[in-house]
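*Asks:* I am attaching a structure below and will ask some questions about it afterwards.
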Amino acid sequence: MVSAPAATAGARVAVPARGELLDAGGVLADALAVAAEHASPNTRRAYTSAYRALIAFATVRVGGHTPGPGDIDRDLVLAFRDELHTRGARSSTISARLSAIRRLADALELDPRIQRIRTTGAEPGQVIALEAGQYERLLSAPDLRTTAGRRDRAIIRLAGDAGLRRSEIVRLTFDDIVEERQPDRHRRAVSPTRATATPHALVVRDSKGGRTGTIPLTATAFSDLQAWADRRPAAPTTTIFLALARNTATPGPLSPDAIADIVAKHAGAAGLPPALHAPHVLRHTFCTRLAEQGTDIDVIRALARHRDIRTTQRYIHTTHTRNRHAIDHTFTPTGPLRPAD
């Protein structure tokens with residue numbers, strides 16, 4: 001594996017002339033040399049990480065062979081940006097990686113259109129949520145005839161019906177499914193009717209095992225969990241969701257990145273646009289649905305486990321905006337009587 005050239009502490013590496021790096025022995029080596037130009041160790045590390053991720057993505061995209069400078073064009077960088085967004089990367093992370101890539105494109109005289117690529121997705125504070133029909137299509141995407149399909153359906157259900165983050169999903173154990181009486185306001189918010197309610201709840205924990213909240217389980221969520229439990233392979237762990245092992249390997253817990261891959265896979269199969277492929281969109285959908293049905297903001301905050309009430313207020317604002325858009329769309333004339341612009 002090619003590693004970044006060592007730099008003397010405090011010394012600035014000379015910036016090579018345009019095009020000079022192309023003779024250094026491969027795009028990755030060229031990219032790492034560009035990263036090594038920066039005096040700041042943090043910048044060098046960030047650029048090195050960005051370039052390694054880009055070249056790895058390019059290698060897969062071009063069929064496994066070593067990519068050349070001509071392969072790093074606008075379309076590839078756009079696909080790389082969208083992949084980061086699909087995996088749930090923050091806008092700030094995507095922006096930083098694109099900045100590094102624009103520097104690389106300038107140094108190596110790559111496709112000049114790369115310089116115009118910017119971060120896409122939600123603006124800060126904006127909420128992206130699924131419509132009811134989109135959520136149903138996503139839930140229908142996994143093949144319930146397979147073990148993986150039952151697992152994936154349960155994962156999607158917990159993210160959308162209980163608002164769990166992917167890091168919280170991978171920590172769930174069977175001991176976290178409890179029969180524990182919940183406040184009536186919480187139960188009614190999650191399951192507005194008796195037919196959709198259960199006596200079960202889900203204990204949510206942080207990385208240290210501490211309880212951060214308890215979410216009432218809907219009948220459909222409990223049913224999907226049961227369907228997965230019935231097909232779950234034996235494993236030396238009580239963790240609910242497993243990475244399904246091949247051959248004779250022992251199944252182990254899923255990683256948060258695996259959750260992102262699962263959601264993205266089925267979102268693509270359901271025909272959802274790329275901006276809706278990330279797991280956090282399901283959490284947004286949960287919170288937005290609570291707000292749209294008029295749930296008190298304190299209840300939304302408790303169920304979503306927000307530390308700051310201002311985070312919860314985003315969903316109230318989004319709901320008002322969506323309702324206003326729906327009203328305008330319904331009552332604005334679109335025929336011959338439409339007023340002139």
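Following the order of the structure tokens, first chain is A, next is B, and so on, with residues numbered from 1 inside each chain and ligands from 1 in the order they appear.
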Could you list, as a ChimeraX atom specification, every residue within 8 Å of A:Gln115, counting only C-alpha atoms and ignoring same-chain residues fewer than 2 positions away?
*Replies:* /A:102,105-106,112-113,117
*Asks:* Give me a file of those residues, with C-alpha atoms, as a PDB file, in the first residue's frame.
*Replies:*
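For reference, again-v2.pdb as written:
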ATOM      1  CA  ARG A 102     -11.243  20.326  -5.954  1.00  0.00           C
ATOM      2  CA  ALA A 105      -8.354  18.369  -9.548  1.00  0.00           C
ATOM      3  CA  ASP A 106      -6.530  21.684  -9.766  1.00  0.00           C
ATOM      4  CA  PRO A 112     -12.255  21.393 -14.877  1.00  0.00           C
ATOM      5  CA  ARG A 113     -15.979  20.875 -14.240  1.00  0.00           C
ATOM      6  CA  ILE A 117     -19.334  20.659  -7.772  1.00  0.00           C
TER       7      ILE A 117
END
*Asks:* Would you pick out the contacts of stretch 268-274 of chain A at 7 Å or less, using only C-alpha atoms, so that residues sharing its chain but fewer than 3 positions from it are not included, and give the list as a list in words?
*Replies:*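 These residues fall inside the cut-off: Thr86, Arg137, Leu138, Ala141, Ala264, Lys265 and His277 of chain A.
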*Asks:* Find the residues near stretch 243-253 of chain A: any atom within 10 Å, counting only C-alpha atoms, skip ones fewer than 5 places away on the same chain, and give them as a compact mmCIF listing (two decimals) with N, CA, C and O atoms, in the first residue's frame.
*Replies:*
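Saved to result_32.txt:
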# COMPACT_ATOMS: atom_id res chain seq x y z
N THR A 147 -34.28 -14.76 4.92
CA THR A 147 -33.86 -14.35 6.27
C THR A 147 -33.40 -12.91 6.27
O THR A 147 -33.76 -12.12 7.15
N ALA A 148 -32.60 -12.54 5.28
CA ALA A 148 -32.10 -11.16 5.20
C ALA A 148 -33.26 -10.18 5.02
O ALA A 148 -33.25 -9.09 5.60
N ARG A 151 -34.93 -9.55 8.34
CA ARG A 151 -34.08 -8.69 9.17
C ARG A 151 -34.17 -7.24 8.70
O ARG A 151 -34.35 -6.31 9.52
N VAL A 170 -28.04 -0.99 16.24
CA VAL A 170 -27.03 -2.06 16.33
C VAL A 170 -26.76 -2.47 17.78
O VAL A 170 -26.20 -3.55 18.02
N ARG A 171 -27.15 -1.62 18.73
CA ARG A 171 -26.91 -1.96 20.15
C ARG A 171 -28.07 -2.71 20.78
O ARG A 171 -27.95 -3.21 21.92
N LEU A 172 -29.19 -2.83 20.09
CA LEU A 172 -30.37 -3.47 20.69
C LEU A 172 -30.11 -4.94 21.01
O LEU A 172 -29.53 -5.67 20.21
N ARG A 232 -33.93 -15.80 12.83
CA ARG A 232 -32.57 -15.35 13.20
C ARG A 232 -31.67 -16.55 13.46
O ARG A 232 -32.02 -17.45 14.23
N PRO A 233 -30.48 -16.59 12.86
CA PRO A 233 -29.55 -17.70 13.11
C PRO A 233 -29.08 -17.72 14.56
O PRO A 233 -29.06 -16.68 15.24
N ALA A 234 -28.72 -18.89 15.04
CA ALA A 234 -28.16 -19.00 16.39
C ALA A 234 -26.83 -18.26 16.43
O ALA A 234 -26.03 -18.33 15.48
N ALA A 235 -26.60 -17.54 17.51
CA ALA A 235 -25.36 -16.77 17.64
C ALA A 235 -25.04 -16.60 19.11
O ALA A 235 -25.95 -16.56 19.95
N PRO A 236 -23.75 -16.50 19.46
CA PRO A 236 -23.35 -16.34 20.86
C PRO A 236 -23.51 -14.91 21.36
O PRO A 236 -22.63 -14.36 22.01
N THR A 237 -24.62 -14.28 21.04
CA THR A 237 -24.88 -12.90 21.46
C THR A 237 -26.38 -12.69 21.51
O THR A 237 -27.14 -13.33 20.76
N THR A 238 -26.82 -11.81 22.41
CA THR A 238 -28.25 -11.47 22.48
C THR A 238 -28.57 -10.25 21.62
O THR A 238 -29.70 -9.78 21.62
N ALA A 258 -23.32 -0.85 8.07
CA ALA A 258 -24.13 -1.90 7.45
C ALA A 258 -25.60 -1.50 7.44
O ALA A 258 -26.33 -1.80 6.48
N ILE A 259 -26.05 -0.83 8.50
CA ILE A 259 -27.44 -0.35 8.54
C ILE A 259 -27.67 0.64 7.40
O ILE A 259 -28.70 0.60 6.70
*Asks:* Could you please determine the separation between atom CA of A:Ser140 and atom CA of A:Phe80 in Å, to one decimal place?
*Replies:* 27.6 Å
*Asks:* Neighbours of stretch 300-310 of chain A within 9 Å (only C-alpha atoms; same-chain residues fewer than 5 positions away dropped), as a PyMOL selection string?
*Replies:* chain A and resi 162-164+186+189-190+212-216+283+286-287+290-291+295
*Asks:* Could you write those residues out with N, CA, C and O atoms, as an mmCIF file, in the first residue's frame?
*Replies:*
data_model
loop_
_atom_site.group_PDB
_atom_site.id
_atom_site.type_symbol
_atom_site.label_atom_id
_atom_site.label_comp_id
_atom_site.auth_asym_id
_atom_site.auth_seq_id
_atom_site.Cartn_x
_atom_site.Cartn_y
_atom_site.Cartn_z
ATOM 1 N N ALA A 162 -40.142 3.856 15.300
ATOM 2 C CA ALA A 162 -39.658 4.180 16.644
ATOM 3 C C ALA A 162 -38.606 5.281 16.638
ATOM 4 O O ALA A 162 -38.177 5.726 17.700
ATOM 5 N N GLY A 163 -38.168 5.704 15.450
ATOM 6 C CA GLY A 163 -37.235 6.822 15.365
ATOM 7 C C GLY A 163 -35.838 6.511 15.852
ATOM 8 O O GLY A 163 -35.111 7.424 16.276
ATOM 9 N N LEU A 164 -35.414 5.262 15.757
ATOM 10 C CA LEU A 164 -34.087 4.893 16.260
ATOM 11 C C LEU A 164 -32.992 5.321 15.293
ATOM 12 O O LEU A 164 -33.142 5.233 14.076
ATOM 13 N N HIS A 186 -47.427 9.190 25.424
ATOM 14 C CA HIS A 186 -46.398 8.598 24.573
ATOM 15 C C HIS A 186 -46.979 7.455 23.743
ATOM 16 O O HIS A 186 -46.704 7.337 22.539
ATOM 17 N N ALA A 189 -49.241 8.744 20.999
ATOM 18 C CA ALA A 189 -48.498 9.427 19.935
ATOM 19 C C ALA A 189 -47.939 8.427 18.935
ATOM 20 O O ALA A 189 -48.006 8.633 17.724
ATOM 21 N N VAL A 190 -47.407 7.308 19.446
ATOM 22 C CA VAL A 190 -46.816 6.299 18.570
ATOM 23 C C VAL A 190 -47.890 5.416 17.944
ATOM 24 O O VAL A 190 -47.810 5.056 16.764
ATOM 25 N N THR A 212 -31.420 5.741 27.521
ATOM 26 C CA THR A 212 -31.677 7.111 27.076
ATOM 27 C C THR A 212 -33.154 7.367 26.807
ATOM 28 O O THR A 212 -33.565 8.510 26.657
ATOM 29 N N GLY A 213 -33.945 6.301 26.743
ATOM 30 C CA GLY A 213 -35.362 6.463 26.504
ATOM 31 C C GLY A 213 -36.037 5.124 26.320
ATOM 32 O O GLY A 213 -35.381 4.087 26.190
ATOM 33 N N THR A 214 -37.367 5.142 26.357
ATOM 34 C CA THR A 214 -38.173 3.939 26.113
ATOM 35 C C THR A 214 -39.281 4.308 25.147
ATOM 36 O O THR A 214 -40.035 5.250 25.392
ATOM 37 N N ILE A 215 -39.372 3.579 24.037
ATOM 38 C CA ILE A 215 -40.299 3.897 22.969
ATOM 39 C C ILE A 215 -41.369 2.816 22.869
ATOM 40 O O ILE A 215 -41.042 1.628 22.735
ATOM 41 N N PRO A 216 -42.662 3.164 22.956
ATOM 42 C CA PRO A 216 -43.717 2.157 22.750
ATOM 43 C C PRO A 216 -43.584 1.535 21.362
ATOM 44 O O PRO A 216 -43.287 2.223 20.383
ATOM 45 N N ARG A 283 -35.686 8.400 10.681
ATOM 46 C CA ARG A 283 -35.860 9.055 11.984
ATOM 47 C C ARG A 283 -36.608 10.378 11.807
ATOM 48 O O ARG A 283 -37.511 10.709 12.581
ATOM 49 N N PHE A 286 -40.262 9.651 11.376
ATOM 50 C CA PHE A 286 -40.920 9.374 12.657
ATOM 51 C C PHE A 286 -41.299 10.680 13.357
ATOM 52 O O PHE A 286 -42.451 10.880 13.770
ATOM 53 N N CYS A 287 -40.330 11.583 13.487
ATOM 54 C CA CYS A 287 -40.577 12.835 14.204
ATOM 55 C C CYS A 287 -41.569 13.726 13.461
ATOM 56 O O CYS A 287 -42.431 14.370 14.076
ATOM 57 N N LEU A 290 -45.141 12.493 13.982
ATOM 58 C CA LEU A 290 -45.651 12.902 15.301
ATOM 59 C C LEU A 290 -46.109 14.351 15.273
ATOM 60 O O LEU A 290 -47.177 14.697 15.804
ATOM 61 N N ALA A 291 -45.301 15.204 14.644
ATOM 62 C CA ALA A 291 -45.654 16.626 14.590
ATOM 63 C C ALA A 291 -46.903 16.845 13.756
ATOM 64 O O ALA A 291 -47.781 17.653 14.118
ATOM 65 N N THR A 295 -48.933 16.077 17.925
ATOM 66 C CA THR A 295 -48.335 15.652 19.188
ATOM 67 C C THR A 295 -47.656 16.827 19.879
ATOM 68 O O THR A 295 -46.987 17.644 19.233
#
*Asks:* To test your reading of the structure, identify every residue in stretch 64-256 of chain A that backbone DSSP assigns to alpha helix (DSSP H), and report it as number ranges by chain.
*Replies:* A: 74-86, 91-107, 132-140, 147-161, 166-169, 184-190, 219-231, 256
*Asks:* Quick one: of A:Ser167, A:Thr220, A:Gln182, A:Thr173, who's nearest to A:Val299, counting only C-alpha atoms?
*Replies:*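 Comparing A:Ser167, A:Thr220, A:Gln182, A:Thr173 against A:Val299, the winner is A:Gln182.
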*Asks:* Please measure the separation of atom CA of A:Gly133 and atom CA of A:Ile94, giving the value in Å to one decimal.
*Replies:*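 Atom CA of A:Ile94 lies at a distance of 29.2 Å from atom CA of A:Gly133.
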*Asks:* Write out as a PDB file with all heavy atoms, in the first residue's frame the residues lying within 10 Å of A:Thr66, counting only C-alpha atoms and excluding same-chain residues fewer than 3 positions away.
*Replies:*
ATOM      1  N   GLY A  26       0.928   6.702 -10.439  1.00  0.00           N
ATOM      2  CA  GLY A  26      -0.437   6.345 -10.101  1.00  0.00           C
ATOM      3  C   GLY A  26      -1.188   7.487  -9.454  1.00  0.00           C
ATOM      4  O   GLY A  26      -0.602   8.332  -8.768  1.00  0.00           O
ATOM      5  N   VAL A  27      -2.507   7.480  -9.646  1.00  0.00           N
ATOM      6  CA  VAL A  27      -3.327   8.573  -9.132  1.00  0.00           C
ATOM      7  C   VAL A  27      -3.300   8.618  -7.605  1.00  0.00           C
ATOM      8  O   VAL A  27      -3.276   9.694  -7.008  1.00  0.00           O
ATOM      9  CB  VAL A  27      -4.778   8.443  -9.645  1.00  0.00           C
ATOM     10  CG1 VAL A  27      -5.671   9.493  -9.009  1.00  0.00           C
ATOM     11  CG2 VAL A  27      -4.812   8.571 -11.152  1.00  0.00           C
ATOM     12  N   LEU A  28      -3.298   7.456  -6.953  1.00  0.00           N
ATOM     13  CA  LEU A  28      -3.290   7.470  -5.494  1.00  0.00           C
ATOM     14  C   LEU A  28      -2.014   8.103  -4.966  1.00  0.00           C
ATOM     15  O   LEU A  28      -2.055   8.938  -4.051  1.00  0.00           O
ATOM     16  CB  LEU A  28      -3.441   6.046  -4.947  1.00  0.00           C
ATOM     17  CG  LEU A  28      -3.397   5.926  -3.418  1.00  0.00           C
ATOM     18  CD1 LEU A  28      -4.486   6.794  -2.783  1.00  0.00           C
ATOM     19  CD2 LEU A  28      -3.546   4.482  -2.980  1.00  0.00           C
ATOM     20  N   ILE A  55     -10.332   7.341  -4.399  1.00  0.00           N
ATOM     21  CA  ILE A  55      -9.678   6.388  -5.302  1.00  0.00           C
ATOM     22  C   ILE A  55     -10.257   4.987  -5.115  1.00  0.00           C
ATOM     23  O   ILE A  55     -10.423   4.237  -6.078  1.00  0.00           O
ATOM     24  CB  ILE A  55      -8.156   6.385  -5.083  1.00  0.00           C
ATOM     25  CG1 ILE A  55      -7.581   7.792  -5.313  1.00  0.00           C
ATOM     26  CG2 ILE A  55      -7.487   5.393  -6.009  1.00  0.00           C
ATOM     27  CD1 ILE A  55      -7.932   8.403  -6.653  1.00  0.00           C
ATOM     28  N   ALA A  56     -10.596   4.628  -3.878  1.00  0.00           N
ATOM     29  CA  ALA A  56     -11.224   3.324  -3.647  1.00  0.00           C
ATOM     30  C   ALA A  56     -12.569   3.260  -4.357  1.00  0.00           C
ATOM     31  O   ALA A  56     -12.921   2.246  -4.979  1.00  0.00           O
ATOM     32  CB  ALA A  56     -11.396   3.090  -2.151  1.00  0.00           C
ATOM     33  N   ALA A  58     -13.429   5.044  -6.979  1.00  0.00           N
ATOM     34  CA  ALA A  58     -13.162   5.041  -8.414  1.00  0.00           C
ATOM     35  C   ALA A  58     -12.744   3.654  -8.889  1.00  0.00           C
ATOM     36  O   ALA A  58     -13.137   3.220  -9.977  1.00  0.00           O
ATOM     37  CB  ALA A  58     -12.074   6.064  -8.747  1.00  0.00           C
ATOM     38  N   THR A  59     -11.960   2.945  -8.078  1.00  0.00           N
ATOM     39  CA  THR A  59     -11.492   1.608  -8.447  1.00  0.00           C
ATOM     40  C   THR A  59     -12.664   0.656  -8.668  1.00  0.00           C
ATOM     41  O   THR A  59     -12.700  -0.105  -9.632  1.00  0.00           O
ATOM     42  CB  THR A  59     -10.557   1.053  -7.368  1.00  0.00           C
ATOM     43  OG1 THR A  59      -9.422   1.925  -7.214  1.00  0.00           O
ATOM     44  CG2 THR A  59     -10.071  -0.346  -7.725  1.00  0.00           C
ATOM     45  N   VAL A  60     -13.641   0.729  -7.756  1.00  0.00           N
ATOM     46  CA  VAL A  60     -14.829  -0.124  -7.904  1.00  0.00           C
ATOM     47  C   VAL A  60     -15.631   0.302  -9.120  1.00  0.00           C
ATOM     48  O   VAL A  60     -16.099  -0.523  -9.908  1.00  0.00           O
ATOM     49  CB  VAL A  60     -15.695  -0.045  -6.633  1.00  0.00           C
ATOM     50  CG1 VAL A  60     -17.008  -0.793  -6.828  1.00  0.00           C
ATOM     51  CG2 VAL A  60     -14.924  -0.617  -5.438  1.00  0.00           C
ATOM     52  N   VAL A  62     -14.711   1.716 -11.905  1.00  0.00           N
ATOM     53  CA  VAL A  62     -14.127   1.433 -13.224  1.00  0.00           C
ATOM     54  C   VAL A  62     -13.886  -0.056 -13.427  1.00  0.00           C
ATOM     55  O   VAL A  62     -13.226  -0.454 -14.383  1.00  0.00           O
ATOM     56  CB  VAL A  62     -12.815   2.227 -13.435  1.00  0.00           C
ATOM     57  CG1 VAL A  62     -13.056   3.710 -13.346  1.00  0.00           C
ATOM     58  CG2 VAL A  62     -11.740   1.785 -12.428  1.00  0.00           C
ATOM     59  N   GLY A  63     -14.401  -0.881 -12.519  1.00  0.00           N
ATOM     60  CA  GLY A  63     -14.348  -2.321 -12.734  1.00  0.00           C
ATOM     61  C   GLY A  63     -13.205  -3.035 -12.053  1.00  0.00           C
ATOM     62  O   GLY A  63     -12.899  -4.182 -12.399  1.00  0.00           O
ATOM     63  N   ASP A  71     -10.129   8.937 -15.421  1.00  0.00           N
ATOM     64  CA  ASP A  71     -11.304   8.350 -14.763  1.00  0.00           C
ATOM     65  C   ASP A  71     -11.884   9.269 -13.691  1.00  0.00           C
ATOM     66  O   ASP A  71     -13.039   9.117 -13.297  1.00  0.00           O
ATOM     67  CB  ASP A  71     -10.943   7.006 -14.126  1.00  0.00           C
ATOM     68  CG  ASP A  71     -10.571   5.953 -15.162  1.00  0.00           C
ATOM     69  OD1 ASP A  71     -11.312   5.834 -16.156  1.00  0.00           O
ATOM     70  OD2 ASP A  71      -9.546   5.268 -14.981  1.00  0.00           O
TER      71      ASP A  71
END
*Asks:* I'd like the neighbourhood of A:Ala89 as a list in words, where a residue qualifies if any of its atoms comes within 12 Å (using only C-alpha atoms), though same-chain residues fewer than 5 positions away should be ignored.
*Replies:* Phe80, Arg81, Asp82, Glu83, Leu84, Ile94, Ser95, Ala96, Arg97, Thr119, Thr120, Gly121, Ala122, Pro256, Asp257, Ala260, Ala275, His277, Ala278, Pro279 and His280 of chain A
*Asks:* Could those residues be written to a file, using C-alpha atoms, as a JSON list (two decimals), in the first residue's frame?
*Replies:*
[["chain", "number", "residue", "atom", "x", "y", "z"],
["A", 80, "PHE", "CA", -18.91, 9.85, -4.98],
["A", 81, "ARG", "CA", -20.67, 12.85, -3.42],
["A", 82, "ASP", "CA", -24.05, 11.13, -3.74],
["A", 83, "GLU", "CA", -22.63, 7.96, -2.19],
["A", 84, "LEU", "CA", -21.44, 9.94, 0.84],
["A", 94, "ILE", "CA", -19.14, 16.07, 2.34],
["A", 95, "SER", "CA", -18.18, 19.73, 1.92],
["A", 96, "ALA", "CA", -14.70, 19.09, 3.36],
["A", 97, "ARG", "CA", -14.13, 16.11, 1.06],
["A", 119, "THR", "CA", -22.50, 19.86, -1.55],
["A", 120, "THR", "CA", -26.16, 19.01, -2.08],
["A", 121, "GLY", "CA", -28.91, 17.87, 0.28],
["A", 122, "ALA", "CA", -30.70, 19.57, 3.11],
["A", 256, "PRO", "CA", -23.82, 1.25, 11.78],
["A", 257, "ASP", "CA", -22.39, 1.40, 8.23],
["A", 260, "ALA", "CA", -26.82, 2.51, 6.10],
["A", 275, "ALA", "CA", -31.58, 12.18, -1.00],
["A", 277, "HIS", "CA", -31.62, 6.77, 0.95],
["A", 278, "ALA", "CA", -30.04, 7.54, 4.33],
["A", 279, "PRO", "CA", -31.18, 5.99, 7.66],
["A", 280, "HIS", "CA", -31.64, 9.38, 9.33]]
*Asks:* Find the residue from A:Gly160, A:Pro183, A:Pro69, A:Gly209 that sits nearest to A:Tyr135; use only C-alpha atoms when measuring.
*Replies:*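 Between A:Gly160, A:Pro183, A:Pro69, A:Gly209, the residue approaching A:Tyr135 most closely is A:Gly160.
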*Asks:* So which one's closest to A:Leu78, A:Lys208, A:Arg150, A:Arg116, A:Arg52? Using only C-alpha atoms, please.
*Replies:* A:Arg116
